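Following: one structure in structure tokens, then a few remarks.
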Protein chains: 2
Amino acid sequence: MKQAILTPQDKDFPRWYQDVITKAELAENGPVRGTMVIRPYAYRIWELLQAELDRRIKAAGAENAYFPLFIPEEFLKREAEHVEGFSPELAVVTRAGGKQLEEPVVVRPTSETIINHYFSKWVQSHRDLPLLINQWGNAVRWEMRPRLFLRTTEFLWQEGHTAHATEQDAHQYALNIFHNVYADTMIHIIGVPILRGRKTDDERFAGATITWTCEGMMRDGKALQMGTSHELGQNFAKAFNTQYVNVEGERDYVWQSSWGVSTRAVGGLIMVHGDDNGLRLPPALAPYQVVILLVRDDNGAGERAAQLADQLSASGHRVHFDNRTDVSFGRRATNWELKGAPLRVEVGPRELAEDRVTVVRRDTSEKQPVAINALGSHIKNTLVDIQRNLLAEATKRRDENTAEVKTVAEAAEAALTGFARIPWATIRGEGVEVLHKTSVTVRCLQRADGSLPDSPDDSDLVATVGRAY
Amino acid sequence: MKQAILTPQDKDFPRWYQDVITKAELAENGPVRGTMVIRPYAYRIWELLQAELDRRIKAAGAENAYFPLFIPEEFLKREAEHVEGFSPELAVVTRAGGKQLEEPVVVRPTSETIINHYFSKWVQSHRDLPLLINQWGNAVRWEMRPRLFLRTTEFLWQEGHTAHATEQDAHQYALNIFHNVYADTMIHIIGVPILRGRKTDDERFAGATITWTCEGMMRDGKALQMGTSHELGQNFAKAFNTQYVNVEGERDYVWQSSWGVSTRAVGGLIMVHGDDNGLRLPPALAPYQVVILLVRDDNGAGERAAQLADQLSASGHRVHFDNRTDVSFGRRATNWELKGAPLRVEVGPRELAEDRVTVVRRDTSEKQPVAINALGSHIKNTLVDIQRNLLAEATKRRDENTAEVKTVAEAAEAALTGFARIPWATIRGEGVEVLHKTSVTVRCLQRADGSLPDSPDDSDLVATVGRAY
């Protein structure tokens, strides 16, 4: 019987998560508490995700730029809620170039402040608007309970920052990013059927007027906030005096949005799709979509397998040829299962003699002989089907673990294994506090029909509550 | 007569450099001294350069990964030369999460130390070698004389770090990166005819045994070190105990290389090709290779111009359609000249009536009527020619401003306007010190035939000396 190399998920999910990260060589803890080393296999997943996000961000009209890592401490203090929210998490440089700094500098926890410092110079007239900027980089928030990918002292992300002439324009742009960049990437690329909704006022970004959130359900029923898009109103504009002259010739403050997705999404990917045998990667983000596994190098099988690898690469797939026949076949197969490669193509002399290979799907474990002359189209179609299936499985699981409830007690009960949907009016205030005591929080608010609320005071709102990472 | 918008280069080159960076909206000083904001136009150039480097780095077999920004101060101290070289430039976080840190952490000035901390865990046997890692990110060195792009407190770069079983293998890999990644990109993409050589022992990287350098000549005759590849010997391996078991079953320290190219290269691009009218961008790195400039929107000229823009985009060029006819044509033409777009296609109703447009080359200022049905092939060929021509011009300039000299006095004289080549034996020791007093340094050592030296003690070495950024 095969020995489990990972702690089973239903035994100890957090332990399974740690195990798979270590065994699949995804990441390690950094030497400074809460920091993380992202190893090549996971970094490649991140690069592929970055490319998908970046393409969509550019299509939404935003341009990439880069602002400094170091922010004068004073900048943070200008927006009252912002400084209150981020102060406890700041890392501060007090010594540099061999001297004590007269003004300590903060390592950016997010860049609204420093970017507004420049927006206030660059924006003069309504002709300069909208100003749509995105930045890829790192940020630092000193975390009390760090966890690899999910909550690290330093993380990688993109942060978008925009300025608009009207509240309506900022609103529409924040939602454009929310739907067409974030939700689209999460659903169709990461394969996570995220819930789209509005954060309660208690849970919104420090300094925002509205936070729109993408919430995914992990395999243990807990929620992960995978991306947020904020409407900032004129809060930072007023703090940094970011004004423009409108078409009537009057000065006004700009309206703004900001939005971010981080390496945390890789943690979501692991926890939504992974199973007791390891990762299950959606083809869109798999470093290797197809692994050609040479069984034995007899009768020219190695050469033939290399040719197949070349052909599949030439068709545009990401292919790895594993010809380490000095390592046992079983061990290599288990390793690629652990690493979540969507398809394994097992090539051995016996099957080659019959002009076929064995194709194994990671998502369903289905094993199938495929004639070599049909391999190209089989691979192509199956990758599409795996991408679709992972999303379908995750959607089914999410729906099965979401309960419609009427009372706070029922909500608390349901949140032990998944999400509970409950009328916002039922829990607003006291109910939220009661739930909070059992670590259950409101993940987001939606209208009864699933659409986005105009206001937290809308009468027909439904809250989705759950435990969260 | 057209009014100069930039300080002329021959009047004050550093001022011209500042002017063009400001006027072409490339970058600004950050609020913390020495830091830099990279604006979208310059960031796009950097992205294009990154893509070119990244493709070549991957082709050389290295994989991207990410290591933490924060390094325990103690790590730096383990390699004696390394800490001596970097100590004066460190930024140190002493306060985080609202508390004084017990162990202050350094913001990475470079990552040899923290990466070796992990290499020492990951490398066990000769089968784990070579280990080839690259990282894209930021780094911080507190600069006394900061200058945008060239020397900034925070900079963006890639840093490669490798471990090998033998000195010979590390040597070959460092040179593989040096020639096939760095020199190839600088010559064929940035269009800079870099000089390849070896740094003197005084000028090599702190902790390296050999530093190979790519030196470019700017239009004022000064040198810019645009990329370096280091052989680290076993220095860091010994400091971090990075050992492996060789084929004979014996433990040995690994041999290492490290190599980096930063946003400084963008400064080089500006200073090698720019002229009194602004930037001149090589097509390979131009955000817009072709700007379609609508003269007047009469007789359907706007629609026709938009079609041309679409056609050229569809052919794979980066195209911008400038239809801001509310801004004067002259002002827009001057602006695209300033921004260095390789080709302008001027589209007006009068010419369209004759089925032609006017194509203007930025590099030569050549202006030429082109029949619309020949435009596609004309653009394609001309972009190739501009890429070639910028390199040819820079090569001619570099060669004309390089003198073969015999004495220290002649070298000092020649270095006022360019490079001097002088036998290494003539200046080694005292000569170097004399030159140093007039800010002239040895940029690199080569053999007499231009090839790379095996040792600084080779008998036939020639030193190239000059003033440097």
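By order of appearance in the structure tokens: chains A, B, ..., then residues from 1 within every chain, and ligands from 1 in the order shown.
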task: Any chance you could list, as a VMD selection string, the residues in range 41-127 of chain B that come up strand (DSSP E or B) when DSSP is run on the backbone?
output: chain B and resid 63 to 64 66 70 to 72 91 to 96 99 to 107 125
message: Could you list, as a list in words, every residue within 9 Å of Gly137 in chain B, counting only C-alpha atoms and ignoring same-chain residues fewer than 3 positions away?
response: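 Here the qualifying residues turn out to be Gly137 and Asn138 of chain A; Tyr66, Leu69, Phe155, Leu156, Trp157, Gln158 and Glu159 of chain B.
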Find the residues of chain B in contact range of chain A, meaning any atom within 7 Å when counting only C-alpha atoms, and list them as a PDB file with C-alpha atoms, in the first residue's frame.
```pdb
ATOM      1  CA  GLY B  30      11.431  60.130  -4.428  1.00  0.00           C
ATOM      2  CA  VAL B  32      13.305  59.932   0.668  1.00  0.00           C
ATOM      3  CA  THR B  35      14.980  57.081  -4.104  1.00  0.00           C
ATOM      4  CA  MET B  36      13.259  57.280  -7.487  1.00  0.00           C
ATOM      5  CA  VAL B  37       9.807  57.177  -9.017  1.00  0.00           C
ATOM      6  CA  ILE B  38       9.886  55.422 -12.378  1.00  0.00           C
ATOM      7  CA  ARG B  39       7.091  56.870 -14.479  1.00  0.00           C
ATOM      8  CA  PRO B  40       5.100  54.727 -16.936  1.00  0.00           C
ATOM      9  CA  TYR B  43       8.905  51.685 -16.716  1.00  0.00           C
ATOM     10  CA  GLU B  63      14.974  29.574 -12.822  1.00  0.00           C
ATOM     11  CA  ASN B  64      13.370  32.562 -11.155  1.00  0.00           C
ATOM     12  CA  ALA B  65      12.712  32.502  -7.425  1.00  0.00           C
ATOM     13  CA  TYR B  66      12.233  35.034  -4.661  1.00  0.00           C
ATOM     14  CA  PHE B  67      14.163  35.513  -1.419  1.00  0.00           C
ATOM     15  CA  PRO B  68      13.258  37.909   1.396  1.00  0.00           C
ATOM     16  CA  PHE B  70      15.077  41.465   5.010  1.00  0.00           C
ATOM     17  CA  ILE B  71      18.353  39.818   5.945  1.00  0.00           C
ATOM     18  CA  PRO B  72      19.596  39.256   9.507  1.00  0.00           C
ATOM     19  CA  PRO B  88      28.533  51.824   4.751  1.00  0.00           C
ATOM     20  CA  GLU B  89      25.534  51.514   2.413  1.00  0.00           C
ATOM     21  CA  LEU B  90      23.114  49.505   4.520  1.00  0.00           C
ATOM     22  CA  ALA B  91      19.602  50.528   5.537  1.00  0.00           C
ATOM     23  CA  VAL B  92      18.570  48.887   8.796  1.00  0.00           C
ATOM     24  CA  VAL B  93      15.119  48.181  10.200  1.00  0.00           C
ATOM     25  CA  THR B  94      15.286  48.475  13.983  1.00  0.00           C
ATOM     26  CA  ARG B  95      11.602  48.933  14.763  1.00  0.00           C
ATOM     27  CA  ALA B  96       8.719  46.789  13.532  1.00  0.00           C
ATOM     28  CA  GLY B  97       5.211  45.833  14.602  1.00  0.00           C
ATOM     29  CA  GLY B  98       5.341  48.637  17.150  1.00  0.00           C
ATOM     30  CA  TRP B 142      22.353  54.113   0.733  1.00  0.00           C
TER      31      TRP B 142
END
```
task: Name the residues of range 96-345 of chain B that fall into alpha helix (DSSP H) according to DSSP on the backbone, using the chain letters and numbers of this document, as number ranges by chain.
output: B: 112-122, 167-176, 184-185, 235-240, 264-273, 301-314, 329-338
Of the listed residues A:Ala286, A:Ala237, A:Ala4, A:Leu76, that which approaches Leu48 in chain A most closely, counting only C-alpha atoms: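 Result for the nearest residue to Leu48 in chain A: A:Ala286.
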Near-Lys238 in chain A list (8 Å; only C-alpha atoms; drop same-chain fewer than 4 positions) as an MDAnalysis selection string: chainID A and resid 234 242 253
field: Distance of CA of Cys214 in chain A from CA of Trp424 in chain A, expressed in Å to one decimal place
entry: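 It comes out at 18.3 Å.
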